[in-house]
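> As input, take start31.cif (mmCIF, C-alpha atoms and all ligand atoms):
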```cif
data_query
loop_
_atom_site.label_atom_id
_atom_site.label_comp_id
_atom_site.auth_asym_id
_atom_site.auth_seq_id
_atom_site.Cartn_x
_atom_site.Cartn_y
_atom_site.Cartn_z
CA MET Y 1 26.67 -0.12 5.84
CA PRO Y 2 25.13 1.51 2.78
CA ILE Y 3 25.00 5.24 2.20
CA GLU Y 4 21.53 6.53 3.04
CA LEU Y 5 19.96 9.65 1.61
CA THR Y 6 16.78 10.88 3.27
CA TRP Y 7 14.70 13.48 1.42
CA LEU Y 8 13.66 16.15 3.93
CA GLY Y 9 11.54 17.94 1.32
CA HIS Y 10 12.40 20.66 -1.20
CA GLY Y 11 16.19 20.77 -1.75
CA CYS Y 12 17.08 19.43 1.70
CA TRP Y 13 18.70 16.01 2.11
CA LEU Y 14 20.28 14.12 4.99
CA ILE Y 15 23.23 12.06 3.78
CA LYS Y 16 24.37 9.32 6.15
CA THR Y 17 27.69 7.62 5.53
CA PRO Y 18 29.52 5.27 7.90
CA GLU Y 19 31.89 8.13 8.78
CA GLN Y 20 29.67 11.20 8.99
CA THR Y 21 26.20 12.60 8.46
CA ALA Y 22 25.80 15.61 6.17
CA LEU Y 23 22.78 17.89 5.83
CA LEU Y 24 22.34 19.59 2.47
CA ASP Y 25 20.53 22.95 2.16
CA PRO Y 26 18.81 23.08 5.57
CA PHE Y 27 15.20 24.22 5.14
CA LEU Y 28 13.05 22.60 7.81
CA ASP Y 29 11.25 24.88 10.29
CA SER Y 30 9.66 27.06 7.57
CA SER Y 31 9.25 24.33 4.97
CA PRO Y 32 5.63 23.36 4.33
CA THR Y 33 6.66 19.76 3.60
CA ALA Y 34 9.61 18.93 5.88
CA PRO Y 35 9.04 15.77 7.96
CA CYS Y 36 11.07 17.07 10.90
CA LYS Y 37 12.28 20.27 12.55
CA ALA Y 38 15.74 21.80 12.68
CA ALA Y 39 16.00 20.69 16.32
CA ASP Y 40 15.61 17.05 15.24
CA VAL Y 41 18.76 16.84 13.10
CA SER Y 42 22.36 16.70 14.32
CA PRO Y 43 24.65 16.57 11.30
CA ASP Y 44 28.46 16.58 11.39
CA VAL Y 45 28.57 18.64 8.20
CA ILE Y 46 26.18 21.18 6.63
CA LEU Y 47 26.48 21.68 2.87
CA VAL Y 48 25.00 24.87 1.39
CA SER Y 49 24.55 25.29 -2.37
CA HIS Y 50 23.56 28.97 -2.45
CA GLY Y 51 22.17 31.81 -0.39
CA HIS Y 52 18.42 31.69 -0.99
CA TYR Y 53 16.33 31.36 2.17
CA ASP Y 54 14.84 28.02 1.09
CA HIS Y 55 18.40 26.61 1.30
CA VAL Y 56 19.95 28.42 4.29
CA ASP Y 57 16.99 29.07 6.57
CA ASP Y 58 18.10 26.73 9.38
CA LEU Y 59 21.83 26.87 8.70
CA VAL Y 60 22.91 29.13 11.56
CA PRO Y 61 20.66 27.63 14.28
CA ILE Y 62 21.71 24.06 13.44
CA ALA Y 63 25.42 24.96 13.15
CA ARG Y 64 25.26 26.84 16.48
CA ARG Y 65 23.54 24.01 18.33
CA THR Y 66 25.56 21.13 16.90
CA GLY Y 67 28.93 22.68 16.03
CA ALA Y 68 28.57 21.13 12.56
CA LEU Y 69 31.17 22.07 9.95
CA VAL Y 70 29.70 24.44 7.34
CA VAL Y 71 30.81 23.66 3.77
CA ALA Y 72 29.83 26.34 1.26
CA ASN Y 73 31.31 28.96 -0.98
CA PHE Y 74 33.55 31.66 0.50
CA GLU Y 75 30.82 34.29 0.72
CA ILE Y 76 28.32 32.10 2.54
CA CYS Y 77 31.03 30.92 4.97
CA GLU Y 78 31.91 34.59 5.68
CA TRP Y 79 28.25 35.36 6.33
CA ALA Y 80 27.95 32.39 8.70
CA GLY Y 81 31.21 33.43 10.39
CA LYS Y 82 29.80 36.88 11.16
CA GLN Y 83 26.99 35.13 13.03
CA GLY Y 84 29.42 33.26 15.24
CA ILE Y 85 29.83 30.07 13.20
CA GLU Y 86 33.53 29.25 13.54
CA ARG Y 87 33.83 25.88 11.84
CA THR Y 88 33.63 26.55 8.11
CA GLU Y 89 35.28 25.18 4.96
CA PRO Y 90 35.10 27.96 2.38
CA MET Y 91 35.28 26.82 -1.24
CA ASN Y 92 34.58 28.05 -4.72
CA LEU Y 93 33.32 26.52 -7.94
CA GLY Y 94 35.45 23.68 -9.26
CA GLY Y 95 37.26 23.16 -5.96
CA GLY Y 96 37.06 20.10 -3.79
CA ILE Y 97 37.95 19.24 -0.22
CA GLU Y 98 38.56 15.97 1.59
CA LEU Y 99 36.31 15.28 4.56
CA PRO Y 100 36.04 12.11 6.68
CA LEU Y 101 32.92 11.23 4.64
CA GLY Y 102 34.79 11.60 1.35
CA ARG Y 103 35.59 14.19 -1.28
CA VAL Y 104 33.19 17.08 -1.76
CA THR Y 105 33.44 19.26 -4.88
CA LEU Y 106 31.51 22.48 -5.49
CA THR Y 107 30.14 22.24 -9.03
CA PRO Y 108 28.77 25.03 -11.21
CA ALA Y 109 25.06 25.84 -11.33
CA VAL Y 110 23.13 28.35 -13.38
CA HIS Y 111 21.03 30.21 -10.82
CA SER Y 112 21.09 33.43 -8.76
CA SER Y 113 22.30 33.71 -5.17
CA VAL Y 114 21.81 36.27 -2.41
CA LEU Y 115 21.42 35.74 1.34
CA PRO Y 116 18.13 36.54 3.11
CA ASP Y 117 19.52 39.79 4.60
CA GLY Y 118 20.68 41.00 1.18
CA THR Y 119 24.34 39.97 1.61
CA TYR Y 120 26.06 38.98 -1.61
CA ALA Y 121 26.28 35.18 -1.64
CA GLY Y 122 28.69 34.52 -4.51
CA THR Y 123 27.74 32.12 -7.26
CA ALA Y 124 25.18 29.34 -6.86
CA GLY Y 125 26.61 25.82 -6.98
CA GLY Y 126 25.90 22.14 -6.71
CA PHE Y 127 27.81 19.33 -4.98
CA LEU Y 128 29.58 16.23 -6.20
CA ILE Y 129 30.10 13.87 -3.27
CA GLU Y 130 32.43 10.89 -3.59
CA THR Y 131 31.90 8.56 -0.67
CA GLY Y 132 32.32 4.83 -0.11
CA GLY Y 133 33.19 4.26 -3.77
CA LYS Y 134 30.00 6.02 -4.94
CA ARG Y 135 29.53 9.34 -6.72
CA ILE Y 136 26.47 11.39 -5.93
CA TYR Y 137 25.75 14.59 -7.85
CA PHE Y 138 23.37 17.12 -6.35
CA ALA Y 139 22.67 19.67 -9.09
CA CYS Y 140 20.78 21.81 -6.53
CA ASP Y 141 18.97 24.89 -7.90
CA THR Y 142 19.97 25.23 -11.54
CA ALA Y 143 18.92 25.57 -15.13
CA LEU Y 144 19.98 22.96 -17.65
CA PHE Y 145 23.55 23.59 -18.82
CA GLY Y 146 25.76 21.75 -21.30
CA ASP Y 147 28.67 21.24 -18.90
CA MET Y 148 26.57 18.72 -16.99
CA ARG Y 149 28.04 16.37 -19.57
CA LEU Y 150 31.51 16.97 -18.05
CA ILE Y 151 30.24 16.26 -14.55
CA GLY Y 152 28.84 12.97 -15.88
CA ARG Y 153 32.12 11.89 -17.47
CA ARG Y 154 33.10 10.32 -14.19
CA ARG Y 155 30.37 7.74 -13.64
CA ILE Y 156 27.60 9.15 -11.45
CA ASP Y 157 25.81 6.55 -9.31
CA LEU Y 158 23.00 8.90 -8.34
CA ALA Y 159 22.08 12.32 -9.71
CA VAL Y 160 19.60 14.47 -7.78
CA LEU Y 161 17.98 17.01 -10.08
CA PRO Y 162 15.40 19.75 -9.57
CA ILE Y 163 12.18 19.22 -11.51
CA GLY Y 164 9.96 21.96 -10.06
CA ASP Y 165 10.20 24.37 -13.01
CA ARG Y 166 9.79 28.16 -12.57
CA TYR Y 167 12.80 28.70 -10.22
CA THR Y 168 14.91 25.83 -11.61
CA MET Y 169 14.73 23.53 -14.60
CA GLY Y 170 11.50 21.63 -14.99
CA PRO Y 171 10.74 18.02 -15.97
CA GLU Y 172 11.41 18.52 -19.68
CA ASP Y 173 14.88 20.02 -19.22
CA SER Y 174 15.68 17.48 -16.50
CA LEU Y 175 15.32 14.73 -19.12
CA GLU Y 176 17.95 16.47 -21.23
CA ALA Y 177 20.12 16.85 -18.12
CA ILE Y 178 19.83 13.11 -17.48
CA ARG Y 179 20.93 12.39 -21.04
CA LEU Y 180 23.97 14.66 -20.52
CA ILE Y 181 24.95 13.27 -17.11
CA ASP Y 182 23.99 9.64 -17.87
CA PRO Y 183 23.78 8.60 -14.20
CA ARG Y 184 22.89 5.07 -13.07
CA ARG Y 185 19.99 6.40 -11.00
CA VAL Y 186 18.27 9.76 -10.78
CA ALA Y 187 16.07 11.28 -8.08
CA PRO Y 188 13.89 14.42 -8.34
CA ALA Y 189 13.94 17.32 -5.86
CA HIS Y 190 12.78 20.94 -5.49
CA TYR Y 191 9.13 20.23 -6.38
CA ASN Y 192 5.73 20.04 -4.63
CA THR Y 193 6.86 22.37 -1.85
CA TRP Y 194 4.38 25.03 -2.95
CA PRO Y 195 1.74 25.14 -5.73
CA PRO Y 196 3.96 27.12 -8.18
CA ILE Y 197 6.42 24.19 -8.32
CA ALA Y 198 3.89 21.34 -8.25
CA GLN Y 199 4.91 18.41 -10.47
CA ASP Y 200 3.80 14.84 -11.09
CA ALA Y 201 6.87 12.81 -10.11
CA SER Y 202 5.43 9.48 -11.28
CA ALA Y 203 4.76 10.89 -14.76
CA TRP Y 204 8.34 12.21 -14.73
CA ALA Y 205 9.63 8.76 -13.72
CA THR Y 206 7.74 7.13 -16.59
CA ARG Y 207 9.42 9.49 -19.04
CA VAL Y 208 12.85 8.93 -17.46
CA ARG Y 209 12.43 5.17 -17.95
CA ARG Y 210 11.23 5.57 -21.52
CA GLU Y 211 13.54 8.34 -22.73
CA THR Y 212 16.83 7.88 -20.85
CA SER Y 213 19.01 4.99 -19.67
CA ALA Y 214 18.85 6.04 -15.99
CA GLU Y 215 16.71 4.40 -13.35
CA PRO Y 216 14.36 6.92 -11.70
CA VAL Y 217 14.13 6.79 -7.90
CA VAL Y 218 11.16 8.70 -6.52
CA VAL Y 219 10.74 8.82 -2.74
CA GLU Y 220 8.13 10.56 -0.66
CA VAL Y 221 9.28 13.27 1.73
CA GLY Y 222 10.97 11.40 4.57
CA GLY Y 223 11.81 8.52 2.23
CA VAL Y 224 15.27 6.98 2.02
CA ILE Y 225 17.46 6.11 -0.98
CA LYS Y 226 20.17 3.52 -0.25
CA LEU Y 227 23.36 3.33 -2.28
NI NI I 1 17.44 29.20 -5.23
MN MN I 2 15.45 27.01 -4.16
#
```
As a first step, turn the structure in this file into structure tokens.
Ligand code: NI
Ligand code: MN


Amino acid sequence: MPIELTWLGHGCWLIKTPEQTALLDPFLDSSPTAPCKAADVSPDVILVSHGHYDHVDDLVPIARRTGALVVANFEICEWAGKQGIERTEPMNLGGGIELPLGRVTLTPAVHSSVLPDGTYAGTAGGFLIETGGKRIYFACDTALFGDMRLIGRRRIDLAVLPIGDRYTMGPEDSLEAIRLIDPRRVAPAHYNTWPPIAQDASAWATRVRRETSAEPVVVEVGGVIKL
């Protein structure tokens, strides 16, 4: 069975492996583009990159209902714990943990992070997921940074990069990020959720093909990438 990634809009992805299903950055009920509601997903694991509401909005309700394991930095796990979420795996940048689905490492990101109620949320991160012999790098909300080259030293099968601009890197910097990471395939995220982050993904894909050695994979919201 292949690994299946479904784009649930914005920075939210459902990652299905033979062992477990993970939900990254749950933002469904308040998302203008999500194809489903928080009540429709039942992950085993919830991965959270940072504290902004467009990444944690449905975290507590989904974790409460499903008992999913919350994987995030220490501060976000503490915050979830105070709301009655008992199953957490606190981490910090550079650290990894072994889960039934594979190894999950919290990677650096250049971005801010605070929880919706003002609680300090630690440092924003991304995730490197090693599952079924594949490596998937979710940069999550970030600017371009030179150490992406180090993340790419171990062959990345799929990189998921923000292209929305304004709150994260935009299309131009994402091309430089692709050159640093040198993944086999690359998918865009964190765009077209609202007008301030509107982007033309097919124009981006044309430039990726022309200017990098990665294969662009653009899916509509609700679309699936198989690895
Ligand atoms: Ni953010
Ligand atoms: Mn965001």

> Which residue out of Y:Ala143, Y:Leu150, Y:Leu227, Y:Leu101 has the minimum interatomic distance to Asp173 of chain Y when only C-alpha atoms are used?

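Closest to Asp173 of chain Y, using only C-alpha atoms: Y:Ala143.
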
> As a ChimeraX atom specification, please: every protein or nucleic acid residue near ligand MN 2 (chain I) (cut-off 12 Å, counting only C-alpha atoms and all ligand atoms).

/Y:9-12,25-27,31,48-57,111-115,124-126,139-143,161-169,189-194,197

> Smallest atom-to-atom distance to Ala201 of chain Y: which of Y:Gly222, Y:Pro171, Y:Gly152, Y:Pro43, using only C-alpha atoms?

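Residue with the minimum atom-to-atom distance to Ala201 of chain Y: Y:Pro171.
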
> So how many Å separate atom CA of Leu175 of chain Y and atom CA of Arg207 of chain Y, to one decimal?

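Computed distance, atom CA of Leu175 of chain Y to atom CA of Arg207 of chain Y, equals 7.9 Å.
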
> Pick out the closest residue to ligand NI 1 (chain I) from this set: Y:Ala198, Y:Ala109, Y:Val160, Y:Leu5. Count all atoms listed in the file.

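Among the listed residues, the smallest separation from ligand NI 1 (chain I) belongs to Y:Ala109.
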
> Which is closer to ligand NI 1 (chain I) than all the others in Y:Ile129, Y:Arg149, Y:Pro216, Y:Thr123, using only C-alpha atoms and all ligand atoms?

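That would be Y:Thr123, the residue with the smallest distance to ligand NI 1 (chain I).
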
> Looking at Y:Ile151, Y:Val41, Y:Ala121, Y:Leu23, which one is nearest to Val71 of chain Y, with distances taken over all atoms listed in the file?

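Going through Y:Ile151, Y:Val41, Y:Ala121, Y:Leu23 one by one, the smallest distance to Val71 of chain Y is for Y:Leu23.
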